[in-house]
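As stored in coords_22.json (JSON, C-alpha atoms and all ligand atoms):
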[["chain", "number", "residue", "atom", "x", "y", "z"],
["G", 73, "MET", "CA", -26.97, 12.98, -2.73],
["G", 74, "PRO", "CA", -24.70, 11.51, -0.07],
["G", 75, "ALA", "CA", -21.37, 10.21, -1.35],
["G", 76, "ARG", "CA", -20.97, 6.62, -2.36],
["G", 77, "ILE", "CA", -18.76, 4.93, 0.24],
["G", 78, "LEU", "CA", -15.99, 2.91, -1.40],
["G", 79, "ASN", "CA", -15.72, -0.10, 0.87],
["G", 80, "GLY", "CA", -12.08, -1.20, 1.00],
["G", 81, "ASN", "CA", -12.90, -4.14, 3.26],
["G", 82, "GLU", "CA", -15.17, -5.61, 0.60],
["G", 83, "ILE", "CA", -12.84, -4.98, -2.34],
["G", 84, "ALA", "CA", -9.87, -6.34, -0.38],
["G", 85, "ALA", "CA", -11.86, -9.49, 0.51],
["G", 86, "GLU", "CA", -12.67, -9.98, -3.18],
["G", 87, "LEU", "CA", -8.98, -9.61, -4.03],
["G", 88, "ARG", "CA", -7.87, -11.99, -1.28],
["G", 89, "ALA", "CA", -10.34, -14.58, -2.57],
["G", 90, "GLU", "CA", -8.84, -14.22, -6.06],
["G", 91, "VAL", "CA", -5.37, -14.68, -4.58],
["G", 92, "ALA", "CA", -6.51, -17.79, -2.65],
["G", 93, "GLU", "CA", -7.79, -19.25, -5.93],
["G", 94, "GLY", "CA", -4.44, -18.45, -7.58],
["G", 95, "VAL", "CA", -2.56, -20.14, -4.74],
["G", 96, "ALA", "CA", -4.73, -23.27, -5.06],
["G", 97, "GLN", "CA", -4.13, -23.39, -8.82],
["G", 98, "LEU", "CA", -0.38, -22.88, -8.44],
["G", 99, "THR", "CA", 0.04, -25.65, -5.88],
["G", 100, "ALA", "CA", -2.33, -28.01, -7.75],
["G", 101, "SER", "CA", -0.14, -27.65, -10.82],
["G", 102, "GLY", "CA", 2.96, -28.64, -8.85],
["G", 103, "GLY", "CA", 4.12, -25.10, -8.04],
["G", 104, "PRO", "CA", 5.39, -24.02, -4.63],
["G", 105, "GLN", "CA", 3.26, -22.82, -1.74],
["G", 106, "PRO", "CA", 3.87, -19.06, -1.78],
["G", 107, "GLY", "CA", 5.89, -17.98, 1.26],
["G", 108, "LEU", "CA", 6.22, -14.56, 2.86],
["G", 109, "ALA", "CA", 8.83, -13.50, 5.42],
["G", 110, "ALA", "CA", 7.86, -10.45, 7.50],
["G", 111, "VAL", "CA", 10.58, -8.70, 9.46],
["G", 112, "LEU", "CA", 9.43, -6.65, 12.43],
["G", 113, "VAL", "CA", 11.98, -4.66, 14.43],
["G", 114, "GLY", "CA", 10.90, -3.29, 17.80],
["G", 115, "ASP", "CA", 7.58, -3.03, 19.60],
["G", 116, "ASP", "CA", 5.57, -0.42, 17.75],
["G", 117, "ALA", "CA", 2.00, -1.50, 18.55],
["G", 118, "ALA", "CA", 0.48, -0.54, 15.19],
["G", 119, "SER", "CA", 3.27, -2.28, 13.26],
["G", 120, "ALA", "CA", 2.73, -5.43, 15.32],
["G", 121, "VAL", "CA", -0.99, -5.38, 14.40],
["G", 122, "TYR", "CA", -0.24, -4.89, 10.70],
["G", 123, "VAL", "CA", 2.30, -7.72, 10.66],
["G", 124, "ARG", "CA", -0.09, -10.03, 12.53],
["G", 125, "ASN", "CA", -2.85, -9.16, 10.06],
["G", 126, "LYS", "CA", -0.51, -9.90, 7.15],
["G", 127, "GLY", "CA", 0.27, -13.34, 8.63],
["G", 128, "ARG", "CA", -3.41, -14.08, 9.15],
["G", 129, "ALA", "CA", -4.28, -13.00, 5.60],
["G", 130, "CYS", "CA", -1.49, -15.24, 4.23],
["G", 131, "ALA", "CA", -2.83, -18.24, 6.15],
["G", 132, "GLU", "CA", -6.37, -17.60, 4.90],
["G", 133, "ALA", "CA", -5.10, -17.47, 1.31],
["G", 134, "GLY", "CA", -3.20, -20.76, 1.73],
["G", 135, "MET", "CA", 0.24, -19.14, 1.88],
["G", 136, "HIS", "CA", 3.10, -19.88, 4.23],
["G", 137, "SER", "CA", 4.35, -16.94, 6.29],
["G", 138, "GLU", "CA", 6.75, -16.37, 9.14],
["G", 139, "THR", "CA", 7.44, -13.27, 11.19],
["G", 140, "PHE", "CA", 11.00, -12.53, 12.26],
["G", 141, "HIS", "CA", 10.72, -10.28, 15.30],
["G", 142, "LEU", "CA", 13.92, -8.51, 16.33],
["G", 143, "PRO", "CA", 14.43, -6.36, 19.45],
["G", 144, "VAL", "CA", 14.15, -2.58, 19.19],
["G", 145, "ASP", "CA", 17.92, -2.11, 19.69],
["G", 146, "THR", "CA", 18.90, -4.51, 16.91],
["G", 147, "PRO", "CA", 22.11, -3.27, 15.26],
["G", 148, "HIS", "CA", 21.90, -2.40, 11.60],
["G", 149, "ASP", "CA", 24.22, -5.18, 10.47],
["G", 150, "VAL", "CA", 22.18, -7.81, 12.33],
["G", 151, "LEU", "CA", 19.08, -6.78, 10.38],
["G", 152, "LEU", "CA", 21.06, -6.85, 7.12],
["G", 153, "SER", "CA", 22.34, -10.37, 7.93],
["G", 154, "LEU", "CA", 18.79, -11.57, 8.53],
["G", 155, "ILE", "CA", 17.70, -10.11, 5.19],
["G", 156, "ASP", "CA", 20.65, -11.87, 3.49],
["G", 157, "ARG", "CA", 19.53, -15.19, 5.00],
["G", 158, "LEU", "CA", 15.94, -14.66, 3.89],
["G", 159, "ASN", "CA", 17.10, -13.71, 0.39],
["G", 160, "ALA", "CA", 18.76, -17.12, 0.16],
["G", 161, "ASP", "CA", 15.88, -19.10, 1.70],
["G", 162, "ASP", "CA", 13.76, -20.81, -0.98],
["G", 163, "ARG", "CA", 10.76, -21.14, 1.34],
["G", 164, "PHE", "CA", 10.22, -17.39, 1.05],
["G", 165, "HIS", "CA", 9.27, -15.91, -2.30],
["G", 166, "GLY", "CA", 8.55, -12.53, -0.74],
["G", 167, "ILE", "CA", 10.21, -10.51, 2.02],
["G", 168, "LEU", "CA", 8.99, -7.35, 3.71],
["G", 169, "VAL", "CA", 10.59, -5.19, 6.35],
["G", 170, "GLN", "CA", 7.83, -3.49, 8.31],
["G", 171, "LEU", "CA", 8.17, 0.31, 8.46],
["G", 172, "PRO", "CA", 8.90, 2.46, 10.33],
["G", 173, "LEU", "CA", 12.19, 1.10, 11.65],
["G", 174, "PRO", "CA", 13.95, 2.23, 14.85],
["G", 175, "ALA", "CA", 16.23, 5.26, 14.52],
["G", 176, "GLN", "CA", 19.56, 3.36, 14.47],
["G", 177, "ILE", "CA", 18.53, 1.60, 11.27],
["G", 178, "ASP", "CA", 18.71, 3.25, 7.90],
["G", 179, "GLU", "CA", 15.47, 2.36, 6.14],
["G", 180, "ALA", "CA", 16.77, 2.87, 2.63],
["G", 181, "THR", "CA", 19.75, 0.55, 3.19],
["G", 182, "ALA", "CA", 17.52, -2.12, 4.71],
["G", 183, "ILE", "CA", 15.06, -2.02, 1.82],
["G", 184, "GLU", "CA", 17.87, -2.06, -0.74],
["G", 185, "ARG", "CA", 19.24, -5.23, 0.85],
["G", 186, "ILE", "CA", 16.11, -7.19, -0.11],
["G", 187, "ALA", "CA", 16.65, -9.13, -3.33],
["G", 188, "PRO", "CA", 14.54, -7.31, -5.96],
["G", 189, "ALA", "CA", 13.01, -10.67, -6.97],
["G", 190, "LYS", "CA", 11.56, -10.94, -3.45],
["G", 191, "ASP", "CA", 10.56, -7.28, -2.98],
["G", 192, "VAL", "CA", 6.82, -7.89, -2.64],
["G", 193, "ASP", "CA", 6.37, -4.51, -0.92],
["G", 194, "GLY", "CA", 7.50, -2.86, -4.17],
["G", 195, "LEU", "CA", 9.67, -0.39, -2.26],
["G", 196, "HIS", "CA", 13.13, -1.37, -3.57],
["G", 197, "PRO", "CA", 14.66, 1.23, -5.92],
["G", 198, "VAL", "CA", 14.82, -1.42, -8.66],
["G", 199, "SER", "CA", 11.07, -2.07, -8.35],
["G", 200, "GLN", "CA", 10.28, 1.63, -8.24],
["G", 201, "GLY", "CA", 12.58, 2.40, -11.18],
["G", 202, "LYS", "CA", 10.95, -0.32, -13.27],
["G", 203, "MET", "CA", 7.50, 0.96, -12.34],
["G", 204, "LEU", "CA", 8.50, 4.48, -13.36],
["G", 205, "GLN", "CA", 9.65, 3.17, -16.73],
["G", 206, "GLY", "CA", 6.51, 1.09, -17.23],
["G", 207, "GLU", "CA", 8.29, -2.27, -16.98],
["G", 208, "PRO", "CA", 6.64, -5.24, -15.22],
["G", 209, "THR", "CA", 7.57, -5.33, -11.54],
["G", 210, "TYR", "CA", 6.08, -5.54, -8.05],
["G", 211, "LEU", "CA", 3.90, -2.51, -7.51],
["G", 212, "PRO", "CA", 3.99, -0.83, -4.09],
["G", 213, "CYS", "CA", 1.04, -2.09, -2.04],
["G", 214, "THR", "CA", -0.74, 1.09, -0.95],
["G", 215, "PRO", "CA", -0.53, 2.84, -4.35],
["G", 216, "SER", "CA", -1.71, -0.29, -6.18],
["G", 217, "GLY", "CA", -4.46, -0.63, -3.56],
["G", 218, "VAL", "CA", -5.62, 2.90, -4.42],
["G", 219, "GLN", "CA", -5.56, 2.04, -8.13],
["G", 220, "GLN", "CA", -7.59, -1.15, -7.57],
["G", 221, "VAL", "CA", -10.22, 0.63, -5.47],
["G", 222, "LEU", "CA", -10.67, 3.17, -8.26],
["G", 223, "LEU", "CA", -10.82, 0.60, -11.07],
["G", 224, "ARG", "CA", -13.03, -1.86, -9.24],
["G", 225, "SER", "CA", -15.44, 0.93, -8.29],
["G", 226, "GLY", "CA", -15.76, 2.13, -11.90],
["G", 227, "TYR", "CA", -13.55, 5.22, -11.59],
["G", 228, "ASP", "CA", -10.93, 4.74, -14.28],
["G", 229, "PRO", "CA", -8.24, 7.40, -13.71],
["G", 230, "ALA", "CA", -7.60, 7.72, -17.48],
["G", 231, "GLY", "CA", -7.86, 11.35, -18.51],
["G", 232, "GLN", "CA", -8.82, 12.43, -15.00],
["G", 233, "HIS", "CA", -6.97, 15.09, -13.05],
["G", 234, "VAL", "CA", -5.67, 13.28, -9.97],
["G", 235, "VAL", "CA", -4.31, 15.53, -7.24],
["G", 236, "ILE", "CA", -2.19, 13.73, -4.64],
["G", 237, "VAL", "CA", -1.44, 15.58, -1.42],
["G", 238, "GLY", "CA", 1.71, 14.04, 0.08],
["G", 239, "ARG", "CA", 5.06, 13.00, -1.41],
["G", 240, "SER", "CA", 6.25, 10.07, 0.72],
["G", 241, "ASN", "CA", 8.34, 7.30, -0.84],
["G", 242, "ILE", "CA", 5.71, 4.76, 0.20],
["G", 243, "VAL", "CA", 2.55, 6.49, -1.12],
["G", 244, "GLY", "CA", 2.64, 9.90, -2.82],
["G", 245, "LYS", "CA", 5.65, 9.54, -5.13],
["G", 246, "PRO", "CA", 4.99, 5.97, -6.32],
["G", 247, "LEU", "CA", 1.25, 6.63, -6.67],
["G", 248, "ALA", "CA", 1.98, 9.55, -8.99],
["G", 249, "ALA", "CA", 4.25, 7.32, -11.10],
["G", 250, "LEU", "CA", 1.68, 4.52, -11.19],
["G", 251, "LEU", "CA", -1.30, 6.65, -12.20],
["G", 252, "MET", "CA", 0.57, 8.38, -15.02],
["G", 253, "GLN", "CA", 1.62, 5.11, -16.69],
["G", 254, "ARG", "CA", 0.41, 4.28, -20.16],
["G", 255, "SER", "CA", -1.49, 1.22, -18.93],
["G", 256, "ILE", "CA", -4.82, 0.09, -17.48],
["G", 257, "GLY", "CA", -5.49, 2.10, -14.34],
["G", 258, "GLY", "CA", -3.08, 4.81, -15.51],
["G", 259, "ASN", "CA", -3.21, 7.59, -18.10],
["G", 260, "ALA", "CA", -4.19, 10.16, -15.46],
["G", 261, "THR", "CA", -3.02, 13.76, -15.38],
["G", 262, "VAL", "CA", -1.28, 13.86, -12.01],
["G", 263, "THR", "CA", -0.43, 16.78, -9.75],
["G", 264, "VAL", "CA", 1.53, 16.18, -6.54],
["G", 265, "CYS", "CA", 1.18, 18.71, -3.71],
["G", 266, "HIS", "CA", 3.20, 18.85, -0.51],
["G", 267, "THR", "CA", 4.09, 21.01, 2.47],
["G", 268, "ARG", "CA", 5.74, 23.65, 0.26],
["G", 269, "THR", "CA", 2.84, 23.90, -2.19],
["G", 270, "ARG", "CA", 1.41, 27.40, -2.40],
["G", 271, "ASN", "CA", -2.36, 27.93, -2.62],
["G", 272, "LEU", "CA", -3.01, 24.26, -1.89],
["G", 273, "SER", "CA", -6.79, 24.51, -1.93],
["G", 274, "ASP", "CA", -6.77, 26.19, -5.37],
["G", 275, "ILE", "CA", -5.10, 23.03, -6.66],
["G", 276, "THR", "CA", -7.07, 20.43, -4.69],
["G", 277, "ARG", "CA", -10.30, 22.03, -5.94],
["G", 278, "GLN", "CA", -9.24, 21.17, -9.51],
["G", 279, "ALA", "CA", -9.12, 17.45, -8.72],
["G", 280, "ASP", "CA", -11.47, 14.96, -10.33],
["G", 281, "ILE", "CA", -9.85, 12.44, -8.00],
["G", 282, "LEU", "CA", -8.28, 13.77, -4.81],
["G", 283, "VAL", "CA", -5.88, 11.56, -2.83],
["G", 284, "ALA", "CA", -5.03, 12.60, 0.72],
["G", 285, "ALA", "CA", -1.75, 11.06, 1.85],
["G", 286, "MET", "CA", -0.07, 13.57, 4.13],
["G", 287, "GLY", "CA", -0.64, 12.00, 7.55],
["G", 288, "VAL", "CA", -2.41, 14.98, 9.08],
["G", 289, "PRO", "CA", -5.79, 14.17, 10.64],
["G", 290, "GLY", "CA", -8.75, 15.90, 8.98],
["G", 291, "ALA", "CA", -6.51, 18.21, 6.92],
["G", 292, "ILE", "CA", -8.63, 18.02, 3.76],
["G", 293, "THR", "CA", -11.68, 20.12, 4.55],
["G", 294, "ALA", "CA", -14.83, 20.57, 2.47],
["G", 295, "ASP", "CA", -13.75, 23.92, 0.99],
["G", 296, "MET", "CA", -10.74, 22.16, -0.57],
["G", 297, "VAL", "CA", -12.86, 19.71, -2.57],
["G", 298, "ARG", "CA", -14.77, 20.22, -5.81],
["G", 299, "ASP", "CA", -18.46, 19.18, -5.83],
["G", 300, "GLY", "CA", -18.64, 15.65, -7.25],
["G", 301, "ALA", "CA", -14.98, 14.73, -6.77],
["G", 302, "VAL", "CA", -13.86, 11.20, -5.90],
["G", 303, "VAL", "CA", -11.91, 11.34, -2.64],
["G", 304, "ILE", "CA", -9.38, 8.70, -1.58],
["G", 305, "ASP", "CA", -8.14, 8.93, 2.00],
["G", 306, "VAL", "CA", -4.85, 7.14, 2.61],
["G", 307, "GLY", "CA", -4.25, 8.66, 6.05],
["G", 308, "ILE", "CA", -4.48, 6.47, 9.14],
["G", 309, "ASN", "CA", -4.14, 8.59, 12.28],
["G", 310, "ARG", "CA", -4.93, 7.62, 15.83],
["G", 311, "VAL", "CA", -6.66, 10.50, 17.61],
["G", 312, "ASP", "CA", -8.04, 10.01, 21.14],
["G", 313, "ASP", "CA", -8.00, 6.23, 20.60],
["G", 314, "ARG", "CA", -9.98, 6.59, 17.37],
["G", 315, "LEU", "CA", -8.70, 6.01, 13.82],
["G", 316, "VAL", "CA", -9.26, 8.94, 11.50],
["G", 317, "GLY", "CA", -8.06, 9.76, 8.02],
["G", 318, "ASP", "CA", -6.55, 12.88, 6.48],
["G", 319, "VAL", "CA", -10.01, 13.93, 5.27],
["G", 320, "ASP", "CA", -12.69, 15.67, 7.30],
["G", 321, "PHE", "CA", -14.98, 12.79, 6.40],
["G", 322, "ASP", "CA", -18.56, 13.95, 7.07],
["G", 323, "ALA", "CA", -18.18, 17.42, 5.55],
["G", 324, "VAL", "CA", -16.27, 16.16, 2.50],
["G", 325, "ALA", "CA", -18.63, 13.19, 1.98],
["G", 326, "ALA", "CA", -21.54, 15.64, 1.81],
["G", 327, "LYS", "CA", -20.20, 17.16, -1.42],
["G", 328, "SER", "CA", -18.24, 14.34, -3.08],
["G", 329, "GLU", "CA", -19.34, 11.68, -5.55],
["G", 330, "ALA", "CA", -17.49, 8.91, -3.71],
["G", 331, "ILE", "CA", -15.13, 8.60, -0.76],
["G", 332, "THR", "CA", -13.07, 5.95, 1.05],
["G", 333, "PRO", "CA", -13.62, 5.71, 4.81],
["G", 334, "VAL", "CA", -10.99, 5.28, 7.53],
["G", 335, "PRO", "CA", -10.91, 2.60, 8.78],
["G", 336, "GLY", "CA", -12.15, 0.22, 6.09],
["G", 337, "GLY", "CA", -10.83, 2.04, 3.02],
["G", 338, "ILE", "CA", -7.30, 1.85, 1.64],
["G", 339, "GLY", "CA", -5.70, 0.16, 4.70],
["G", 340, "PRO", "CA", -7.08, -3.34, 4.02],
["G", 341, "MET", "CA", -6.17, -2.96, 0.33],
["G", 342, "THR", "CA", -2.49, -2.65, 1.29],
["G", 343, "ILE", "CA", -2.51, -6.16, 2.72],
["G", 344, "ALA", "CA", -4.51, -7.60, -0.20],
["G", 345, "MET", "CA", -1.97, -6.20, -2.70],
["G", 346, "LEU", "CA", 0.89, -7.65, -0.66],
["G", 347, "LEU", "CA", -0.67, -11.11, -0.98],
["G", 348, "SER", "CA", -1.17, -10.58, -4.70],
["G", 349, "ASN", "CA", 2.51, -9.64, -5.11],
["G", 350, "THR", "CA", 3.60, -12.67, -3.05],
["G", 351, "LEU", "CA", 1.57, -14.98, -5.30],
["G", 352, "ASP", "CA", 3.25, -13.34, -8.31],
["G", 353, "ALA", "CA", 6.65, -13.88, -6.71],
["G", 354, "ALA", "CA", 5.95, -17.60, -6.23],
["G", 355, "ARG", "CA", 4.73, -17.89, -9.82],
["G", 356, "ARG", "CA", 7.87, -16.20, -11.12],
["G", 357, "TYR", "CA", 10.02, -18.48, -8.95],
["G", 358, "SER", "CA", 8.29, -21.60, -10.25],
["G", 359, "SER", "CA", 8.65, -20.55, -13.89],
["G", 360, "LYS", "CA", 12.40, -19.87, -13.55],
["H", 1, "LIG", "N1", 6.89, -2.48, 4.85],
["H", 1, "LIG", "C1", 5.77, -1.72, 4.91],
["H", 1, "LIG", "N2", 5.56, -0.93, 5.95],
["H", 1, "LIG", "C2", 4.43, -0.17, 5.98],
["H", 1, "LIG", "C3", 3.47, -0.26, 4.96],
["H", 1, "LIG", "C4", 3.74, -1.10, 3.86],
["H", 1, "LIG", "O1", 2.96, -1.22, 2.88],
["H", 1, "LIG", "N3", 4.89, -1.84, 3.88],
["H", 1, "LIG", "N4", 2.27, 0.43, 5.06],
["H", 1, "LIG", "C5", 1.91, 1.00, 6.34],
["H", 1, "LIG", "C6", 1.31, 0.05, 7.32],
["H", 1, "LIG", "N5", 0.50, -1.04, 6.75],
["H", 1, "LIG", "C7", 1.12, -2.11, 6.24],
["H", 1, "LIG", "O2", 2.22, -2.42, 6.47],
["H", 1, "LIG", "C8", -0.92, -1.07, 6.93],
["H", 1, "LIG", "C9", -1.59, -0.02, 7.47],
["H", 1, "LIG", "C10", -2.97, -0.11, 7.73],
["H", 1, "LIG", "C11", -3.66, -1.25, 7.40],
["H", 1, "LIG", "C12", -5.10, -1.42, 7.71],
["H", 1, "LIG", "O3", -5.69, -2.40, 7.32],
["H", 1, "LIG", "N6", -5.69, -0.49, 8.45],
["H", 1, "LIG", "C13", -7.05, -0.63, 8.91],
["H", 1, "LIG", "C14", -7.13, -0.22, 10.35],
["H", 1, "LIG", "C15", -6.33, -1.16, 11.21],
["H", 1, "LIG", "C16", -6.24, -0.70, 12.65],
["H", 1, "LIG", "O4", -7.18, -0.94, 13.37],
["H", 1, "LIG", "O5", -5.20, -0.11, 13.02],
["H", 1, "LIG", "C17", -7.98, 0.24, 8.07],
["H", 1, "LIG", "O6", -7.50, 1.26, 7.56],
["H", 1, "LIG", "O7", -9.13, -0.14, 7.96],
["H", 1, "LIG", "C18", -2.98, -2.30, 6.84],
["H", 1, "LIG", "C19", -1.63, -2.21, 6.61],
["H", 1, "LIG", "C20", 3.14, 1.58, 7.01],
["H", 1, "LIG", "N7", 4.20, 0.65, 7.05],
["H", 2, "MG", "MG", 16.30, 5.75, 10.50]]
Here is a file; write its structure as structure tokens.
Ligand SMILES: Nc1nc2c(c(=O)[nH]1)N[C@@H](CN(C=O)c1ccc(C(=O)N[C@@H](CCC(=O)O)C(=O)O)cc1)CN2
Ligand SMILES: [Mg+2]
Amino acid sequence: MPARILNGNEIAAELRAEVAEGVAQLTASGGPQPGLAAVLVGDDAASAVYVRNKGRACAEAGMHSETFHLPVDTPHDVLLSLIDRLNADDRFHGILVQLPLPAQIDEATAIERIAPAKDVDGLHPVSQGKMLQGEPTYLPCTPSGVQQVLLRSGYDPAGQHVVIVGRSNIVGKPLAALLMQRSIGGNATVTVCHTRTRNLSDITRQADILVAAMGVPGAITADMVRDGAVVIDVGINRVDDRLVGDVDFDAVAAKSEAITPVPGGIGPMTIAMLLSNTLDAARRYSSK
């Protein structure tokens, strides 16, 4: 049986439609139009596409958004001043700083400067600490996108062995925290593997749900995957002008129960979850 393809474009469209309905209800009841500020530093082509797509998705959901585009050589303190201004601007309920940032800017300091109440990317240490402790907060967009794809496709992680390959601050680490929570979409048994993991394939072969998030094209090969596993590919790599994931798609699809493609898998979910968080931020603002 060929694997079931988990279509992230479709699930993300469903989510964006739910957000659009939420925006209409919020504004109809006298609440604010949700507003998102996106900060883009430099001219990375992929980042520019992602930020443009975020703006377009906001407009389609009835949200206000603005992009603040700074030159590649922007000094650190200039970026921090912009974030301070956006923190104080009531038109914006959510702020994101597009990553990666140019080398002169310290990413952690920039993210920490965002007011936690506006951290719709869910990357601030306050958001991540709350998530770890199971308190309500903004969930990071890619990990919550993975969780939604699983839940909405009928693959509840509860009780499953989820093996995550990759330990980035933006995907691997927060995804592990999210999936182990005592809450809907959680309760998984999570193993995190990384570059120093010994006998990697012995561990990946134990996965009921295998998440590839290491940023190495085609690194998860068929011999690393158990027959009937659910495979989530978070990698987005450009190879010879083509987008490929971290999974050797055709060979792995031939033996798995279900798999996300690249493109059209987790990527679009990241933007849908950002909109969902921005709607939440506007709701929280209006109930203050
Ligand atoms: N501040 C942030 N920076 C980055 C994040 C993030 O969540 N917050 N994640 C990634 C980039 N990203 C969003 O910002 C993102 C990546 C990919 C996609 C996407 O829809 N990909 C498509 C393919 C698009 C293409 O043609 O390139 C797909 O996979 O189908 C959306 C958002 C790093 N930075
Ligand atoms: Mg840096």
Residues within 12 Å of Leu251 in chain G, please, as a ChimeraX atom specification. Count all atoms listed in the file; anything in the same chain fewer than 2 positions from it doesn't count.
/G:203-204,206,211,215-220,222-223,228-236,243-249,253-264,281,283
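The shortest atom-to-atom distance to Gly102 in chain G, with all atoms listed in the file taken into account, belongs to G:Ala354 out of G:Ala117, G:Ala354, G:Val316, G:Ile77.
CA of Pro340 in chain G sits 22.8 Å away from CA of Gln105 in chain G.
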Set the distance at 12 Å and use only C-alpha atoms: which residues neighbour Ala326 in chain G once local chain neighbours fewer than 3 positions away are removed? I'd like the list as a CSV table (one decimal) with C-alpha atoms, keeping the file's coordinate frame.
chain,number,residue,atom,x,y,z
G,73,MET,CA,-27.0,13.0,-2.7
G,74,PRO,CA,-24.7,11.5,-0.1
G,75,ALA,CA,-21.4,10.2,-1.4
G,76,ARG,CA,-21.0,6.6,-2.4
G,77,ILE,CA,-18.8,4.9,0.2
G,293,THR,CA,-11.7,20.1,4.6
G,294,ALA,CA,-14.8,20.6,2.5
G,295,ASP,CA,-13.8,23.9,1.0
G,297,VAL,CA,-12.9,19.7,-2.6
G,298,ARG,CA,-14.8,20.2,-5.8
G,299,ASP,CA,-18.5,19.2,-5.8
G,300,GLY,CA,-18.6,15.6,-7.2
G,301,ALA,CA,-15.0,14.7,-6.8
G,302,VAL,CA,-13.9,11.2,-5.9
G,303,VAL,CA,-11.9,11.3,-2.6
G,320,ASP,CA,-12.7,15.7,7.3
G,321,PHE,CA,-15.0,12.8,6.4
G,322,ASP,CA,-18.6,14.0,7.1
G,323,ALA,CA,-18.2,17.4,5.6
G,329,GLU,CA,-19.3,11.7,-5.6
G,330,ALA,CA,-17.5,8.9,-3.7
G,331,ILE,CA,-15.1,8.6,-0.8
Expressed in Å to a single decimal, how great is the separation between CA of Glu138 in chain G and atom C15 of ligand LIG 1 (chain H)?
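It comes out at 20.2 Å.
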Give the residue list for ligand MG 2 (chain H) at 9 Å, counting only C-alpha atoms and all ligand atoms, as a list in words, sorted by chain and then by residue number.
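Checked against 9 Å with only C-alpha atoms and all ligand atoms; the hits are Pro172, Leu173, Pro174, Ala175, Gln176, Ile177, Asp178, Glu179 and Ala180 of chain G.
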Taking all atoms listed in the file and a cut-off of 7 Å, can you tell me which residues surround ligand LIG 1 (chain H), written as a ChimeraX atom specification?
/G:118-119,121-123,168-172,193,213-214,308,334-340,342-343
Hey, can you pull every residue with an atom no more than 7 Å from (-9.5, -5.4, 3.1), using all atoms listed in the file, and send it as a list of chain:residue names?
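The residues that fall inside the cut-off are G:Gly80, G:Asn81, G:Glu82, G:Ile83, G:Ala84, G:Ala85, G:Gly336, G:Gly339, G:Pro340, G:Met341, G:Ala344.
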Expected file contents, prior selection, C-alpha atoms, as a short mmCIF file (atom, residue, chain, number, x, y, z; two decimals), in the frame of the given file:
data_model
loop_
_atom_site.label_atom_id
_atom_site.label_comp_id
_atom_site.auth_asym_id
_atom_site.auth_seq_id
_atom_site.Cartn_x
_atom_site.Cartn_y
_atom_site.Cartn_z
CA GLY G 80 -12.08 -1.20 1.00
CA ASN G 81 -12.90 -4.14 3.26
CA GLU G 82 -15.17 -5.61 0.60
CA ILE G 83 -12.84 -4.98 -2.34
CA ALA G 84 -9.87 -6.34 -0.38
CA ALA G 85 -11.86 -9.49 0.51
CA GLY G 336 -12.15 0.22 6.09
CA GLY G 339 -5.70 0.16 4.70
CA PRO G 340 -7.08 -3.34 4.02
CA MET G 341 -6.17 -2.96 0.33
CA ALA G 344 -4.51 -7.60 -0.20
#
Have a look at CA of Ser225 in chain G and CA of Leu87 in chain G and let me know their distance in Å, one decimal.
13.1 Å
Pick out the closest residue to Ala129 in chain G from this set: G:Leu78, G:Val91, G:Leu151, G:Met252. Count only C-alpha atoms.
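Smallest separation from Ala129 in chain G among the options: G:Val91.
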Given the point (-4.0, 25.2, -0.2) in the coordinates of this file, which residues lie within 12 Å, counting all atoms listed in the file, and how would they look as a PDB file with C-alpha atoms, in the coordinates of the input?
ATOM      1  CA  VAL G 235      -4.310  15.530  -7.240  1.00  0.00           C
ATOM      2  CA  VAL G 237      -1.440  15.580  -1.420  1.00  0.00           C
ATOM      3  CA  CYS G 265       1.180  18.710  -3.710  1.00  0.00           C
ATOM      4  CA  HIS G 266       3.200  18.850  -0.510  1.00  0.00           C
ATOM      5  CA  THR G 267       4.090  21.010   2.470  1.00  0.00           C
ATOM      6  CA  ARG G 268       5.740  23.650   0.260  1.00  0.00           C
ATOM      7  CA  THR G 269       2.840  23.900  -2.190  1.00  0.00           C
ATOM      8  CA  ARG G 270       1.410  27.400  -2.400  1.00  0.00           C
ATOM      9  CA  ASN G 271      -2.360  27.930  -2.620  1.00  0.00           C
ATOM     10  CA  LEU G 272      -3.010  24.260  -1.890  1.00  0.00           C
ATOM     11  CA  SER G 273      -6.790  24.510  -1.930  1.00  0.00           C
ATOM     12  CA  ASP G 274      -6.770  26.190  -5.370  1.00  0.00           C
ATOM     13  CA  ILE G 275      -5.100  23.030  -6.660  1.00  0.00           C
ATOM     14  CA  THR G 276      -7.070  20.430  -4.690  1.00  0.00           C
ATOM     15  CA  ARG G 277     -10.300  22.030  -5.940  1.00  0.00           C
ATOM     16  CA  GLN G 278      -9.240  21.170  -9.510  1.00  0.00           C
ATOM     17  CA  ALA G 291      -6.510  18.210   6.920  1.00  0.00           C
ATOM     18  CA  ILE G 292      -8.630  18.020   3.760  1.00  0.00           C
ATOM     19  CA  THR G 293     -11.680  20.120   4.550  1.00  0.00           C
ATOM     20  CA  ASP G 295     -13.750  23.920   0.990  1.00  0.00           C
ATOM     21  CA  MET G 296     -10.740  22.160  -0.570  1.00  0.00           C
ATOM     22  CA  VAL G 297     -12.860  19.710  -2.570  1.00  0.00           C
TER      23      VAL G 297
END
Neighbouring residues of Gly287 in chain G were defined as those with any atom within 8 Å, considering all atoms listed in the file; residues of the same chain fewer than 2 positions away were excluded. Please report them as JSON, numbers by chain.
{"G": [285, 289, 307, 308, 309, 317, 318]}
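Proximity of G:Tyr357, G:Phe164, G:Tyr227, G:Tyr210 to Ser137 in chain G, computed with only C-alpha atoms, is greatest for G:Phe164.
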Considering all atoms listed in the file, return as a ChimeraX atom specification whatever protein or nucleic-acid residues lie within 9 Å of Ala92 in chain G, sequence-local ones (same chain, fewer than 5 positions apart) excluded.
/G:87,97,130,132-135,351
